[in-house]
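The data block below is structure-v8.txt; it holds compact mmCIF, C-alpha atoms.
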# COMPACT_ATOMS: atom_id res chain seq x y z
CA THR A 1 -235.45 37.91 77.57
CA SER A 2 -233.24 40.77 76.45
CA ARG A 3 -236.10 43.19 77.23
CA GLY A 4 -236.37 41.79 80.74
CA LEU A 5 -232.64 42.10 81.28
CA GLY A 6 -232.83 45.69 80.02
CA ASP A 7 -235.55 46.53 82.50
CA VAL A 8 -233.49 45.02 85.33
CA TYR A 9 -230.45 47.07 84.22
CA LYS A 10 -232.49 50.27 84.15
CA ARG A 11 -233.87 49.66 87.63
CA GLN A 12 -230.38 48.94 88.99
CA MET A 13 -228.97 52.08 87.37
CA LYS A 14 -231.76 54.17 88.91
CA LYS A 15 -230.90 52.73 92.35
CA ASP A 16 -227.21 53.52 91.83
CA LEU A 17 -228.01 57.11 90.90
CA LEU A 18 -230.08 57.52 94.05
CA LYS A 19 -227.27 56.10 96.18
CA PHE A 20 -224.46 57.99 94.49
CA PRO A 21 -225.57 61.45 93.34
CA PHE A 22 -222.20 62.21 91.77
CA LYS A 23 -222.91 59.46 89.25
CA ARG A 24 -225.86 61.44 87.97
CA THR A 25 -223.55 64.14 86.73
CA PHE A 26 -221.29 61.56 85.14
CA PHE A 27 -224.10 59.76 83.34
CA SER A 28 -225.70 63.05 82.33
CA THR A 29 -222.41 64.13 80.80
CA VAL A 30 -222.09 60.84 78.94
CA ILE A 31 -225.64 61.17 77.59
CA LEU A 32 -225.11 64.78 76.50
CA CYS A 33 -221.86 63.87 74.77
CA SER A 34 -223.57 61.01 73.01
CA LEU A 35 -226.40 63.27 71.85
CA SER A 36 -223.85 65.79 70.62
CA VAL A 37 -222.17 63.13 68.50
CA ILE A 38 -225.54 62.05 67.09
CA PHE A 39 -226.66 65.59 66.27
CA ASN A 40 -223.33 66.51 64.73
CA SER A 41 -223.36 63.39 62.56
CA CYS A 42 -226.91 64.26 61.49
CA ASN A 43 -225.83 67.75 60.45
CA ASP A 44 -222.78 67.08 58.35
CA ASP A 45 -224.11 69.61 55.89
CA GLY A 46 -223.55 72.38 58.52
CA GLU A 47 -227.21 73.00 59.20
CA GLY A 48 -227.77 74.50 62.68
CA ARG A 49 -224.15 75.52 63.23
CA ILE A 50 -223.22 79.11 64.14
CA LYS A 51 -221.63 80.93 61.24
CA LEU A 52 -218.84 83.35 62.23
CA ASN A 53 -218.67 86.60 60.29
CA ASP A 54 -214.97 87.32 60.36
CA LYS A 55 -214.81 89.63 57.39
CA ALA A 56 -212.51 92.63 57.83
CA PRO A 57 -214.78 95.62 58.64
CA ALA A 58 -214.38 99.10 57.17
CA LYS A 59 -211.93 101.47 58.83
CA VAL A 60 -212.87 103.87 61.61
CA THR A 61 -213.62 107.44 60.51
CA ASN A 62 -213.66 111.00 61.86
CA VAL A 63 -210.60 110.49 64.07
CA THR A 64 -209.72 113.54 66.18
CA THR A 65 -207.12 114.15 68.89
CA GLU A 66 -206.84 116.45 71.89
CA SER A 67 -203.82 116.87 74.16
CA GLY A 68 -203.71 116.75 77.96
CA PRO A 69 -200.92 116.68 80.58
CA GLY A 70 -198.86 113.63 79.62
CA GLU A 71 -201.79 112.14 77.71
CA VAL A 72 -203.75 112.24 74.45
CA TYR A 73 -207.53 111.96 74.03
CA LEU A 74 -208.72 110.12 70.90
CA THR A 75 -212.24 110.24 69.43
CA TRP A 76 -213.53 108.35 66.34
CA THR A 77 -216.60 106.83 64.70
CA ASN A 78 -216.93 103.06 64.50
CA PRO A 79 -217.94 101.33 61.21
CA THR A 80 -221.45 99.86 60.97
CA ASP A 81 -220.30 96.49 59.60
CA GLU A 82 -221.79 93.48 61.39
CA SER A 83 -218.33 91.92 61.65
CA PHE A 84 -216.88 94.90 63.59
CA MET A 85 -216.03 94.01 67.19
CA TYR A 86 -213.33 96.35 68.55
CA THR A 87 -210.78 99.05 67.78
CA LYS A 88 -207.12 98.33 68.40
CA ILE A 89 -204.88 101.37 69.03
CA GLU A 90 -201.13 100.88 68.67
CA TYR A 91 -198.48 103.40 69.76
CA THR A 92 -194.97 103.63 71.28
CA ASN A 93 -194.57 105.06 74.77
CA THR A 94 -191.87 107.42 76.06
CA LYS A 95 -189.56 104.53 76.93
CA GLY A 96 -189.71 103.14 73.40
CA VAL A 97 -191.97 100.24 74.28
CA LYS A 98 -194.69 99.32 71.79
CA LYS A 99 -198.11 99.32 73.45
CA TYR A 100 -201.70 98.76 72.40
CA LYS A 101 -205.18 99.31 73.74
CA LEU A 102 -208.41 97.53 72.76
CA ILE A 103 -211.72 99.41 72.80
CA SER A 104 -214.86 97.26 72.46
CA LYS A 105 -217.64 98.43 70.18
CA GLU A 106 -219.87 98.36 73.27
CA LYS A 107 -217.99 101.40 74.60
CA ALA A 108 -219.33 103.64 71.84
CA ASN A 109 -222.42 105.81 72.22
CA ASP A 110 -225.66 105.29 70.30
CA SER A 111 -224.20 107.17 67.32
CA GLY A 112 -221.17 104.86 67.16
CA ILE A 113 -218.77 107.49 68.49
CA ALA A 114 -216.04 106.12 70.75
CA GLN A 115 -213.28 107.77 72.75
CA THR A 116 -210.36 106.86 74.99
CA THR A 117 -207.42 108.37 76.86
CA ILE A 118 -203.85 107.22 76.21
CA SER A 119 -201.75 108.34 79.18
CA GLY A 120 -198.32 107.81 80.68
CA PHE A 121 -196.19 109.97 78.37
CA GLY A 122 -193.12 111.52 79.93
CA ASN A 123 -192.54 114.39 77.51
CA THR A 124 -194.20 116.51 74.82
CA ASN A 125 -192.77 114.69 71.79
CA ALA A 126 -195.24 113.84 69.02
CA VAL A 127 -196.73 110.34 69.20
CA SER A 128 -198.16 108.33 66.27
CA PHE A 129 -201.33 106.31 66.84
CA SER A 130 -202.57 103.50 64.56
CA LEU A 131 -206.28 102.73 64.83
CA PHE A 132 -207.35 99.32 63.47
CA SER A 133 -211.00 98.38 63.01
CA CYS A 134 -211.10 94.65 63.80
CA SER A 135 -213.36 91.62 63.51
CA VAL A 136 -213.60 89.07 66.29
CA ARG A 137 -210.36 87.41 65.11
CA GLY A 138 -208.56 90.67 64.44
CA ASN A 139 -209.06 90.88 60.69
CA ASN A 140 -208.84 94.48 59.49
CA GLU A 141 -208.29 96.59 56.39
CA GLY A 142 -205.31 98.45 57.82
CA ALA A 143 -204.85 101.38 60.15
CA VAL A 144 -205.94 104.98 60.23
CA GLU A 145 -202.85 106.96 61.30
CA VAL A 146 -202.95 110.11 63.44
CA SER A 147 -200.33 112.01 65.41
CA ALA A 148 -200.53 114.25 68.50
CA SER A 149 -198.20 115.82 71.07
CA PRO A 150 -199.07 115.44 74.77
CA GLN A 151 -198.95 118.52 76.96
CA THR A 152 -196.33 118.87 79.70
CA PRO A 153 -196.82 115.88 82.05
CA ALA A 154 -198.15 116.65 85.52
CA PHE A 155 -195.00 115.44 87.27
CA VAL A 156 -192.83 117.74 85.15
CA GLY A 157 -195.09 120.71 85.90
CA VAL A 158 -195.08 119.96 89.63
CA ALA A 159 -191.26 119.70 89.67
CA LYS A 160 -191.03 123.34 88.61
CA THR A 161 -193.03 124.47 91.65
CA ILE A 162 -191.08 122.64 94.37
CA THR A 163 -189.17 124.62 96.98
CA LEU A 164 -187.56 123.54 100.26
CA THR A 165 -187.50 125.51 103.50
CA PRO A 166 -185.56 124.61 106.67
CA ASP A 167 -187.49 123.77 109.81
CA LEU A 168 -186.89 122.45 113.30
CA GLY A 169 -185.42 118.97 112.93
CA GLY A 170 -186.12 118.72 109.23
CA ILE A 171 -187.35 120.53 106.14
CA TYR A 172 -190.61 121.45 104.49
CA VAL A 173 -191.22 120.40 100.89
CA ASN A 174 -193.57 122.94 99.27
CA TRP A 175 -195.47 122.21 96.05
CA LYS A 176 -198.34 123.20 93.80
CA ASN A 177 -200.15 120.67 91.61
CA ILE A 178 -202.60 122.33 89.18
CA TYR A 179 -203.30 119.04 87.40
CA ASN A 180 -205.97 116.43 88.13
CA THR A 181 -203.30 113.73 88.25
CA PRO A 182 -201.58 112.60 91.50
CA VAL A 183 -197.78 112.86 91.53
CA TYR A 184 -194.98 111.34 93.61
CA ILE A 185 -192.22 113.50 95.09
CA VAL A 186 -188.95 111.70 95.82
CA LEU A 187 -186.11 113.06 97.98
CA ASN A 188 -182.60 111.58 97.98
CA TYR A 189 -180.40 113.34 100.52
CA TYR A 190 -177.08 113.18 102.35
CA ALA A 191 -174.94 115.25 104.70
CA ALA A 192 -172.62 117.63 102.83
CA SER A 193 -169.81 116.59 105.18
CA ASP A 194 -170.42 112.83 104.95
CA SER A 195 -172.20 111.23 101.98
CA LYS A 196 -172.62 108.00 103.98
CA GLN A 197 -175.18 109.76 106.16
CA ALA A 198 -177.84 109.38 103.48
CA GLY A 199 -181.45 108.44 103.03
CA THR A 200 -184.52 108.69 100.81
CA PHE A 201 -188.13 109.73 101.28
CA LYS A 202 -191.06 109.36 98.86
CA PHE A 203 -194.63 110.59 99.19
CA GLN A 204 -197.67 111.12 96.99
CA ILE A 205 -199.49 114.41 96.50
CA ASN A 206 -203.06 114.70 95.27
CA GLY A 207 -204.19 116.38 92.10
CA ASN A 208 -205.30 120.02 92.34
CA SER A 209 -203.43 120.59 95.59
CA GLU A 210 -201.06 123.17 97.04
CA SER A 211 -199.46 122.38 100.37
CA LYS A 212 -196.27 121.32 102.14
CA GLN A 213 -194.89 118.16 103.72
CA PHE A 214 -192.55 117.99 106.72
CA VAL A 215 -189.67 115.58 106.20
CA GLN A 216 -187.19 114.52 108.85
CA LEU A 217 -183.96 113.66 107.02
CA SER A 218 -183.45 110.30 108.72
CA TYR A 219 -180.59 107.92 108.13
CA GLY A 220 -179.51 104.70 109.79
CA LYS A 221 -181.81 103.22 112.41
CA ASP A 222 -182.47 106.18 114.70
CA ASP A 223 -180.49 109.18 113.42
CA PHE A 224 -181.45 112.25 111.44
CA LEU A 225 -179.66 115.24 109.93
CA SER A 226 -180.05 118.41 111.98
CA GLY A 227 -178.06 121.63 112.18
CA GLU A 228 -175.76 120.77 109.29
CA GLU A 229 -175.82 121.43 105.56
CA CYS A 230 -177.48 118.75 103.47
CA ILE A 231 -177.67 118.03 99.76
CA VAL A 232 -181.19 117.12 98.69
CA ASN A 233 -181.95 115.90 95.16
CA VAL A 234 -185.65 116.14 94.35
CA THR A 235 -187.39 114.30 91.51
CA THR A 236 -191.05 113.87 90.67
CA GLU A 237 -192.67 110.76 89.23
CA GLY A 238 -195.89 109.95 87.42
CA THR A 239 -197.96 106.97 88.46
CA ASP A 240 -196.37 105.12 85.51
CA GLU A 241 -192.86 105.78 86.96
CA ASN A 242 -191.76 108.34 84.38
CA ALA A 243 -189.48 110.70 86.30
CA SER A 244 -188.29 114.28 86.05
CA GLU A 245 -184.65 115.35 86.04
CA PRO A 246 -183.33 115.75 89.63
CA ILE A 247 -183.19 119.23 91.11
CA GLU A 248 -180.44 119.80 93.67
CA PHE A 249 -181.00 121.86 96.83
CA LYS A 250 -178.56 122.77 99.58
CA ILE A 251 -180.36 123.24 102.88
CA THR A 252 -179.64 123.13 106.62
CA PRO A 253 -182.38 121.81 108.91
CA ILE A 254 -182.68 123.83 112.11
CA ALA A 255 -180.93 122.01 114.95
CA VAL A 256 -183.08 120.14 117.46
CA VAL A 257 -182.31 117.52 120.05
CA LYS A 258 -183.99 114.36 121.18
CA ILE A 259 -185.41 115.39 124.55
CA SER A 260 -184.05 113.28 127.41
CA LYS A 261 -186.64 111.02 129.02
CA ALA A 262 -184.72 110.75 132.32
CA ASN A 263 -187.33 112.73 134.30
CA TRP A 264 -190.47 111.76 132.41
CA SER A 265 -193.43 110.18 134.15
CA PHE A 266 -197.17 109.49 133.94
CA PRO A 267 -199.55 111.27 136.35
CA GLY A 268 -200.99 108.91 138.97
CA TYR A 269 -198.84 105.95 137.84
CA ASN A 270 -199.49 102.63 139.67
CA ASP A 271 -197.05 99.83 138.88
CA SER A 272 -199.23 97.00 140.22
CA SER A 273 -202.65 97.79 138.73
CA ASN A 274 -204.23 97.48 135.30
CA ALA A 275 -206.77 100.17 136.12
CA GLY A 276 -206.58 103.61 134.60
CA THR A 277 -205.45 106.71 136.48
CA ILE A 278 -205.48 110.42 135.72
CA GLY A 279 -202.46 109.73 133.47
CA TYR A 280 -203.67 106.83 131.29
CA SER A 281 -206.77 104.83 130.39
CA SER A 282 -205.33 101.42 131.40
CA GLN A 283 -202.26 99.22 131.18
CA GLU A 284 -201.54 95.48 131.15
CA THR A 285 -199.53 94.49 134.25
CA ILE A 286 -200.27 90.74 134.12
CA GLY A 287 -200.49 89.36 130.60
CA GLU A 288 -197.30 90.75 129.05
CA GLY A 289 -193.92 89.24 129.90
CA GLY A 290 -195.19 87.34 132.93
CA GLY A 291 -196.14 90.55 134.70
CA LYS A 292 -192.54 91.66 135.25
CA SER A 293 -192.16 95.45 135.16
CA PRO A 294 -192.09 97.36 132.83
CA ALA A 295 -193.80 94.82 130.53
CA GLY A 296 -197.23 96.03 129.40
CA ARG A 297 -197.07 99.18 131.52
CA VAL A 298 -197.03 102.76 130.29
CA ILE A 299 -193.49 103.22 131.64
CA ALA A 300 -192.28 100.72 128.98
CA MET A 301 -192.60 103.58 126.48
CA LEU A 302 -189.82 105.48 128.28
CA ASP A 303 -187.06 102.87 128.56
CA ASP A 304 -185.56 103.16 125.04
CA ASN A 305 -186.02 99.42 124.63
CA LEU A 306 -188.03 98.36 121.57
CA GLU A 307 -188.65 94.92 123.04
CA THR A 308 -190.85 96.34 125.80
CA TYR A 309 -194.13 98.11 125.15
CA TRP A 310 -197.27 99.57 126.67
CA HIS A 311 -200.41 97.54 126.06
CA ALA A 312 -203.90 98.69 127.08
CA SER A 313 -205.51 96.23 129.49
CA TRP A 314 -206.90 92.99 128.09
CA LYS A 315 -206.87 90.62 131.08
CA GLN A 316 -209.43 93.05 132.41
CA ALA A 317 -211.29 93.77 129.18
CA SER A 318 -210.93 97.25 127.73
CA ASN A 319 -211.65 98.81 124.40
CA TYR A 320 -211.20 102.09 122.57
CA PRO A 321 -210.79 104.92 123.33
CA HIS A 322 -207.34 104.50 124.91
CA TRP A 323 -204.99 107.33 125.93
CA PHE A 324 -202.03 108.38 128.06
CA ILE A 325 -200.42 111.61 129.31
CA VAL A 326 -196.64 112.08 129.41
CA ASP A 327 -195.22 114.52 131.97
CA MET A 328 -191.83 115.72 130.72
CA GLY A 329 -191.08 117.44 134.04
CA LYS A 330 -190.59 120.91 132.53
CA ASN A 331 -191.57 122.97 129.52
CA VAL A 332 -189.84 122.16 126.23
CA THR A 333 -190.27 123.50 122.70
CA ILE A 334 -191.72 120.62 120.72
CA SER A 335 -190.94 120.29 117.02
CA SER A 336 -192.07 116.68 116.49
CA ILE A 337 -193.36 113.63 118.31
CA GLU A 338 -192.27 110.11 117.41
CA LEU A 339 -194.19 106.90 118.04
CA ILE A 340 -192.97 103.34 117.48
CA ARG A 341 -195.31 100.39 117.38
CA ARG A 342 -195.03 97.15 119.36
CA GLN A 343 -192.45 95.43 117.20
CA GLY A 344 -193.75 92.77 114.84
CA ASP A 345 -197.42 93.22 115.78
CA ALA A 346 -199.84 94.84 113.30
CA ARG A 347 -202.97 94.68 115.47
CA GLY A 348 -202.51 98.11 117.02
CA GLN A 349 -204.04 101.53 116.42
CA LYS A 350 -204.30 103.23 113.01
CA GLY A 351 -203.99 106.81 114.20
CA GLN A 352 -204.05 109.21 117.14
CA ILE A 353 -204.68 112.79 118.25
CA PHE A 354 -201.96 114.84 119.95
CA TYR A 355 -202.68 117.40 122.67
CA THR A 356 -200.16 119.56 124.55
CA CYS A 357 -200.34 121.68 127.71
CA SER A 358 -197.75 123.97 129.28
CA ASP A 359 -196.82 123.87 132.96
CA GLU A 360 -198.55 127.21 133.49
CA ASP A 361 -201.82 125.99 131.94
CA ALA A 362 -201.99 122.90 134.17
CA VAL A 363 -203.30 124.73 137.24
CA ASN A 364 -204.82 121.79 139.12
CA LYS A 365 -202.19 119.06 138.79
CA ASP A 366 -204.63 116.40 140.04
CA ASN A 367 -207.27 117.12 137.40
CA PRO A 368 -205.91 116.96 133.83
CA ASP A 369 -209.46 117.37 132.48
CA SER A 370 -209.34 120.97 133.71
CA TRP A 371 -206.09 121.83 131.93
CA ALA A 372 -205.97 124.13 128.90
CA TRP A 373 -205.08 121.52 126.28
CA THR A 374 -204.15 122.50 122.72
CA ASN A 375 -205.45 120.09 120.10
CA HIS A 376 -202.90 119.57 117.31
CA GLY A 377 -205.16 117.37 115.21
CA ALA A 378 -205.42 113.75 114.14
CA PHE A 379 -202.59 111.85 112.47
CA THR A 380 -202.49 108.44 110.82
CA PHE A 381 -200.36 105.62 112.21
CA ASP A 382 -199.27 102.59 110.21
CA PRO A 383 -199.52 99.52 112.50
CA GLY A 384 -197.74 97.40 109.89
CA ILE A 385 -194.21 98.86 110.14
CA ASP A 386 -191.56 98.68 112.87
CA VAL A 387 -189.71 101.91 112.00
CA PRO A 388 -190.29 105.16 113.94
CA GLN A 389 -193.17 107.33 112.73
CA VAL A 390 -192.51 111.06 113.16
CA TYR A 391 -195.23 113.72 113.44
CA ARG A 392 -194.40 117.37 112.95
CA ILE A 393 -196.22 119.64 115.41
CA ASN A 394 -196.36 122.73 113.24
CA SER A 395 -196.87 125.39 115.89
CA ASN A 396 -193.71 124.43 117.85
CA PRO A 397 -195.68 124.50 121.13
CA VAL A 398 -193.97 125.09 124.45
CA ALA A 399 -195.37 122.36 126.69
CA ARG A 400 -194.71 120.12 129.66
CA TYR A 401 -197.49 117.61 129.05
CA ILE A 402 -198.36 115.56 125.95
CA LYS A 403 -201.61 113.64 125.71
CA VAL A 404 -201.88 110.92 123.05
CA TYR A 405 -205.48 109.89 122.41
CA PHE A 406 -206.60 106.84 120.42
CA GLY A 407 -210.29 107.24 119.59
CA THR A 408 -212.70 104.60 118.36
CA GLU A 409 -212.01 105.85 114.83
CA HIS A 410 -208.38 104.79 115.27
CA LYS A 411 -209.17 101.17 116.21
CA GLY A 412 -207.01 98.58 114.46
CA THR A 413 -207.69 94.87 114.09
CA GLY A 414 -207.21 94.36 117.81
CA ALA A 415 -209.20 95.77 120.72
CA GLN A 416 -206.24 97.50 122.39
CA ALA A 417 -203.68 100.17 121.53
CA MET A 418 -199.97 99.32 121.80
CA VAL A 419 -196.85 101.53 121.71
CA SER A 420 -193.22 100.52 122.12
CA GLU A 421 -191.63 103.98 122.50
CA ILE A 422 -192.54 107.66 122.46
CA ASN A 423 -189.87 110.27 121.74
CA VAL A 424 -189.96 114.04 121.48
CA TYR A 425 -187.68 116.30 119.45
CA GLY A 426 -187.25 119.98 120.06
CA ALA A 427 -185.38 122.40 122.35
CA GLU A 428 -185.35 122.44 126.12
Structure translated into structure tokens:
Amino acid sequence: TSRGLGDVYKRQMKKDLLKFPFKRTFFSTVILCSLSVIFNSCNDDGEGRIKLNDKAPAKVTNVTTESGPGEVYLTWTNPTDESFMYTKIEYTNTKGVKKYKLISKEKANDSGIAQTTISGFGNTNAVSFSLFSCSVRGNNEGAVEVSASPQTPAFVGVAKTITLTPDLGGIYVNWKNIYNTPVYIVLNYYAASDSKQAGTFKFQINGNSESKQFVQLSYGKDDFLSGEECIVNVTTEGTDENASEPIEFKITPIAVVKISKANWSFPGYNDSSNAGTIGYSSQETIGEGGGKSPAGRVIAMLDDNLETYWHASWKQASNYPHWFIVDMGKNVTISSIELIRRQGDARGQKGQIFYTCSDEDAVNKDNPDSWAWTNHGAFTFDPGIDVPQVYRINSNPVARYIKVYFGTEHKGTGAQAMVSEINVYGAE
């Protein structure tokens, strides 16, 4: 009978669903769709459907403005209409681009008062703001218009405070930022005698800060301007890339030289062992470059070859902290220390601490732990770039020994520290 065949079909379908779970979802979807068609056809009169209130709500009220550095603060009261969903604020930015911002009704307080900050203005010109009270589909009764003038942007204010002072092997950029907003300082420079010897440097300063930044005026691959007059054009930028007018400075960095590494060494150096000595924590004499010297050894940092590098031991497992001591053979006046990563490898350290010690303060040459080391502080290192990273040693110490220490806090994604070259700039 048809009923019997139906029962057989149902049993077979149940078996199929147990065998193939994905079919359950398919059949469930088919059933739900079928039910939807049935219910919809049973409710042609609209009963049970959601009714959308898309009527244009009343306008916002009590709009007030307040000015800040490169920004305007808007406050208003939302309408109480059920159809009200959000406020749309339209304005034109400093570059003449029309912009808008949407503020949901959920952002208002219990009294229906909402507020927002419109930032990114590059001058103090008056700005017109149109506030639209909108339904879910944007229906509105028109805008409430207000106008306000931003205060002097933070980057413009900071530009007025910038001064440059010459220093050993570079310059100091001095600034004062009284605003809460971070600002970028950009230097474009070149040698007064040769405009092809040129470069650029950009860094960010924090809000509410007053400090200085050492900048080595580098150009080309491994050259920098020193002991000759330079033209430096300084601009400041907001985080939205609005920029100040350039300010030109003429300045001569104090001459320094790259100290020759001809007589440099590492205390207690052993070319055939991975183990540490009084001059370094460890080195890798086997696993880098087939074990051929100087591959993996500390002396690879002294050969002016970026393809060779020191690597802390990994064939014999080691971990942070790692360190090494460079003996320059005689006292030199140090202005800056330069480190270069293992080229093309981002697994290295993320920072280091520099120590120095003069020849006179290293009384027992066989016991560096007893020397009178001067701690010059921790510095960050970017393991993701191949270019030299220069660190200004502010006190210009006179020293024979430099200790570079990579603590556990400086650990990168790998377990070992790696350095291609170390260089020192200063005066012998």
Within 8 Å of (-198.7, 120.4, 129.0) (file coordinates; only C-alpha atoms), which protein or nucleic acid residues are there? I'd like them as a VMD selection string. chain A and resid 327 331 356 to 359 361 to 362 373 399 to 402
Which distance in Å separates CA of Glu338 in chain A and CA of Ala300 in chain A, to one decimal?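 Value for the CA of Glu338 in chain A-CA of Ala300 in chain A distance: 14.9 Å.
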Could you please determine the separation between CA of Glu82 in chain A and CA of Val60 in chain A in Å, to one decimal place?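 Between CA of Glu82 in chain A and CA of Val60 in chain A the gap is 13.7 Å.
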Please compute the CA of Met301 in chain A-CA of Gly344 in chain A distance, one decimal, in Å. 15.9 Å
Would you mind listing what lies within 7 Å of Thr77 in chain A as a count of residues only, with only C-alpha atoms counted and same-chain residues fewer than 2 positions away left out? 7
Measuring atom to atom with all atoms listed in the file, identify which of A:Phe249, A:Phe129, A:Phe224, A:Phe203 is nearest to Thr117 in chain A. A:Phe129
Write out as an MDAnalysis selection string the residues lying within 12 Å of Val256 in chain A, counting only C-alpha atoms and excluding same-chain residues fewer than 5 positions away. chainID A and resid 166:170 216 223:228 332:336 396 424:428
So that I can see what lies close to range 305-311 of chain A, please list as JSON, numbers by chain the residues with an atom at most 12 Å from it, counting all atoms listed in the file and leaving out residues fewer than 5 positions away in the same chain. {"A": [222, 274, 280, 281, 282, 283, 284, 285, 286, 287, 288, 289, 291, 292, 293, 294, 295, 296, 297, 298, 299, 300, 316, 317, 318, 319, 322, 323, 324, 339, 340, 341, 342, 343, 344, 345, 347, 348, 349, 386, 387, 388, 414, 415, 416, 417, 418, 419, 420, 421, 422, 423]}
Can you pull out the residues contacting Phe201 in chain A? Cut-off 10 Å, using all atoms listed in the file, and skip same-chain residues under 3 positions away; I want them as a PDB file with C-alpha atoms, in the frame of the given file.
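Saved file selection-v3.pdb follows:
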ATOM      1  CA  ILE A 185    -192.220 113.500  95.090  1.00  0.00           C
ATOM      2  CA  VAL A 186    -188.950 111.700  95.820  1.00  0.00           C
ATOM      3  CA  LEU A 187    -186.110 113.060  97.980  1.00  0.00           C
ATOM      4  CA  ASN A 188    -182.600 111.580  97.980  1.00  0.00           C
ATOM      5  CA  TYR A 189    -180.400 113.340 100.520  1.00  0.00           C
ATOM      6  CA  VAL A 215    -189.670 115.580 106.200  1.00  0.00           C
ATOM      7  CA  GLN A 216    -187.190 114.520 108.850  1.00  0.00           C
ATOM      8  CA  LEU A 217    -183.960 113.660 107.020  1.00  0.00           C
ATOM      9  CA  SER A 218    -183.450 110.300 108.720  1.00  0.00           C
ATOM     10  CA  VAL A 234    -185.650 116.140  94.350  1.00  0.00           C
TER      11      VAL A 234
END
Neighbours of Glu245 in chain A within 12 Å (all atoms listed in the file; same-chain residues fewer than 6 positions away dropped), as number ranges by chain? A: 122-123, 155-160, 185-186, 233-237
Across A:Asn180, A:Ser209, A:Asn140, A:Ser395, the smallest distance to Thr374 in chain A, with all atoms listed in the file counted, is shown by A:Ser395
Take every atom of range 357-369 of chain A listed in the file, pad by 4 Å on each side, and give me the axis-aligned box centre and edge lengths in Å, one decimal, as JSON.
{"center_x": -203.1, "center_y": 121.8, "center_z": 133.9, "size_x": 20.6, "size_y": 18.8, "size_z": 20.3}
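Closest approach to Trp264 in chain A from the set A:Gly377, A:Phe132, A:Asp303, A:Trp314 is made by A:Asp303, with distances taken over all atoms listed in the file.
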Check the smallest atom-to-atom distance from each of A:Lys55, A:Asp369, A:Pro153, A:Lys403 to Glu241 in chain A using all atoms listed in the file, then report the winner. A:Pro153
Here is a test: counting all atoms listed in the file, which residue of A:Tyr172, A:Lys330, A:Asp240, A:His410 is nearest to Asn394 in chain A?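 Smallest distance to Asn394 in chain A is found for A:Tyr172.
If you measure from each of A:Val127, A:Ile247, A:Ala108, A:Gly199 to Thr161 in chain A using all atoms listed in the file, the closest one turns out to be A:Ile247.
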